[in-house]
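Novice: Below is one structure. I have some questions about it.
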Amino acid sequence: MSTQTPRLSPEKVWLGITPTLWWNDDFINIDIGIPFEQCISEMALAGYVGCSIGHKYPTNPKVLKAALDLRGLRVSEPWVSTYFTIKAMKEQTIAKVREQLAFLEEMERGSTDPRRADLVVAEFGHAVNPLPFALFPNCPTLTDEQWDRLVDGLHQIGRIAREEGRRLCYHPHLGTGVMIASAVDRLMERTDPDIVHLLLDTAHLAAAGVDPLAVTKKYASRIKHIHLKDIRADVVSRVHAEGLSFEAAIEAGIFTVPGDGSIKTFPQILATLAEANFAGWLVIEAEQDPAKANPLRYAKMARAYLHETLGW
């Protein structure tokens, strides 16, 4: 007798999307001039209920809230780059975290909606992804002292986030000191699971040679936020062979939406998360050049794939 595959529940999981389909927030030259209003209108048109914050968004929370409310959207997360491995930048990092938490509080003031935003972070101290260097051979390896600083800093901002009713979700990221499997394991082993959660970014893991399904199975109980995106394996091979930078890799099409690339285990990943009773934001992401990949087309493609896979 066959058993039914567990599925994520639409009552507990909310679908968001990032503006990186419409423009790039790390490399502002990857941009064809799509304005903020068109971006969020197309997000809603494609069937999403949330979004992360991009650099074209209004910085006034009242203005942003009005624009999102008009389209039935909520903020799924802000991003904070941490620099705890650089001793002189610890206080600056903590100040930025407090700033983003205050922004979220203003955005959600008076709301009883359970779809609260998480705080997403990644350590960018010594990272090479913003630089015009070959991505993979120059990825930093953190020293024991740098690991100590990172763990201490994450615990500090994790407690701050928890006091504000937020979940701190760490994003392993290409070009940083937490990219490969051993670094993800070390992060999970050394951090308190009650205050430092894991963001599952399927494409960053896969492109780094890490099996996203294995990570999901190993750390399902700690995954509290998802960036679901795909990779093109042939472009990953090019990045290695030609020594491409992260920016060049994006322009070459290293990322795409789920179901359009080389990761074939999305159904198993989502089923594993369902078994672990995942509740929170599932965010579609695909850092692509909008001149080559029409954002609305790919947003709708991803939503159709989720409908087929999740059943809703």
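Chain identifiers are assigned as A, B, and so on, following the order in which chains appear in the structure tokens; residues are numbered from 1 within each chain, and ligands are numbered from 1 in order of appearance.
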What's the 12 Å shell around A:Ala241, counting only C-alpha atoms, without same-chain residues fewer than 3 positions away, as a list in words?
Specialist: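 Residues near the query, excluding close chain neighbours: Ala134, Leu135, Phe136, Pro137, Asp234, Val235, Val236, Ser237, Arg238, Leu244, Ser245 and Ala249 of chain A.
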Novice: Show me, as a list in words, the residues that have an atom within 12 Å of A:Asp152 when counting only C-alpha atoms, minus same-chain residues fewer than 6 positions from it.
Specialist: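 Listed by chain and then number, they are Tyr83, Phe84, Thr85, Lys87, Lys90, Ile94, Glu145, Gln146, Gly158, Arg159, Leu187, Arg190, Thr191, Asp192, Ile195 and Val196 of chain A.
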Novice: Report the distance between atom CA of A:Pro78 and atom CA of A:Ile53 in Å, rounded to one decimal place.
Specialist: 5.5 Å
Novice: As a list in words, please: the residues near A:Ala66 (cut-off 12 Å, only C-alpha atoms, same-chain neighbours under 5 positions excluded).
Specialist: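 Selected residues are Glu37, Ile40, Tyr57, Pro58, Asn60, Pro61, Arg71, Gly72, Leu73, Arg74, Val75, Met107 and Glu108 of chain A.
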Novice: Would you output that residue set with C-alpha atoms, as a PDB file, in the first residue's frame?
Specialist:
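Produced file part.pdb, reproduced below:
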ATOM      1  CA  GLU A  37       5.770  49.770  -9.037  1.00  0.00           C
ATOM      2  CA  ILE A  40       5.627  44.588  -7.280  1.00  0.00           C
ATOM      3  CA  TYR A  57      11.842  50.096  -2.726  1.00  0.00           C
ATOM      4  CA  PRO A  58      10.708  53.245  -0.875  1.00  0.00           C
ATOM      5  CA  ASN A  60       9.652  55.282   4.121  1.00  0.00           C
ATOM      6  CA  PRO A  61       7.763  52.364   5.719  1.00  0.00           C
ATOM      7  CA  ARG A  71      -1.259  44.677  -4.270  1.00  0.00           C
ATOM      8  CA  GLY A  72      -1.877  42.231  -1.436  1.00  0.00           C
ATOM      9  CA  LEU A  73       1.813  41.818  -0.654  1.00  0.00           C
ATOM     10  CA  ARG A  74       3.763  41.648   2.596  1.00  0.00           C
ATOM     11  CA  VAL A  75       7.482  41.825   3.300  1.00  0.00           C
ATOM     12  CA  MET A 107       5.766  48.002   8.563  1.00  0.00           C
ATOM     13  CA  GLU A 108       3.772  45.517  10.651  1.00  0.00           C
TER      14      GLU A 108
END
Novice: Would you compute the distance between atom CA of A:His173 and atom CA of A:Val239? Give it in Å to one decimal.
Specialist: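 Computing it gives 15.6 Å between the two atoms.
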Novice: Using only C-alpha atoms, determine which residues lie at most 9 Å from A:Lys292, disregarding the query and same-chain residues fewer than 3 positions distant; provide the list as a PyMOL selection string.
Specialist: chain A and resi 251+253+288-289
Novice: Provide the atom CA of A:Lys300 to atom CA of A:Pro258 distance in Å, to one decimal place.
Specialist: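 Atom-to-atom, atom CA of A:Lys300 to atom CA of A:Pro258, that is 11.2 Å.
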Novice: Give the answer as one residue: which of A:Asp185, A:Asp31, A:Asp26, A:Asp260 has the shortest atom-to-atom distance to A:Trp79, using only C-alpha atoms?
Specialist: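 Nearest to A:Trp79: A:Asp26.
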Novice: Mind checking which residues fall within 9 Å of A:Met188, counting only C-alpha atoms, ignoring those fewer than 6 positions away in the same chain, and posting them as a list in words?
Specialist: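 The neighbour list is Val196, His197, Leu198, Tyr219 and Arg222 of chain A.
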Novice: Give me a file of those residues, with N, CA, C and O atoms, as a short mmCIF file (atom, residue, chain, number, x, y, z; two decimals), in the first residue's frame.
Specialist:
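Done, and the output landed in selection22.cif:
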data_model
loop_
_atom_site.label_atom_id
_atom_site.label_comp_id
_atom_site.auth_asym_id
_atom_site.auth_seq_id
_atom_site.Cartn_x
_atom_site.Cartn_y
_atom_site.Cartn_z
N VAL A 196 19.59 30.89 16.27
CA VAL A 196 20.18 30.98 14.93
C VAL A 196 19.58 29.87 14.08
O VAL A 196 19.84 28.69 14.29
N HIS A 197 18.75 30.27 13.13
CA HIS A 197 18.07 29.32 12.25
C HIS A 197 18.79 29.29 10.89
O HIS A 197 19.64 30.12 10.60
N LEU A 198 18.40 28.32 10.08
CA LEU A 198 19.03 28.16 8.77
C LEU A 198 18.08 28.57 7.67
O LEU A 198 16.91 28.19 7.66
N TYR A 219 19.12 19.10 8.44
CA TYR A 219 18.81 20.26 9.28
C TYR A 219 17.35 20.73 9.14
O TYR A 219 17.05 21.89 9.38
N ARG A 222 15.83 22.97 11.69
CA ARG A 222 16.40 24.31 11.87
C ARG A 222 16.12 25.24 10.70
O ARG A 222 16.41 26.43 10.77
#
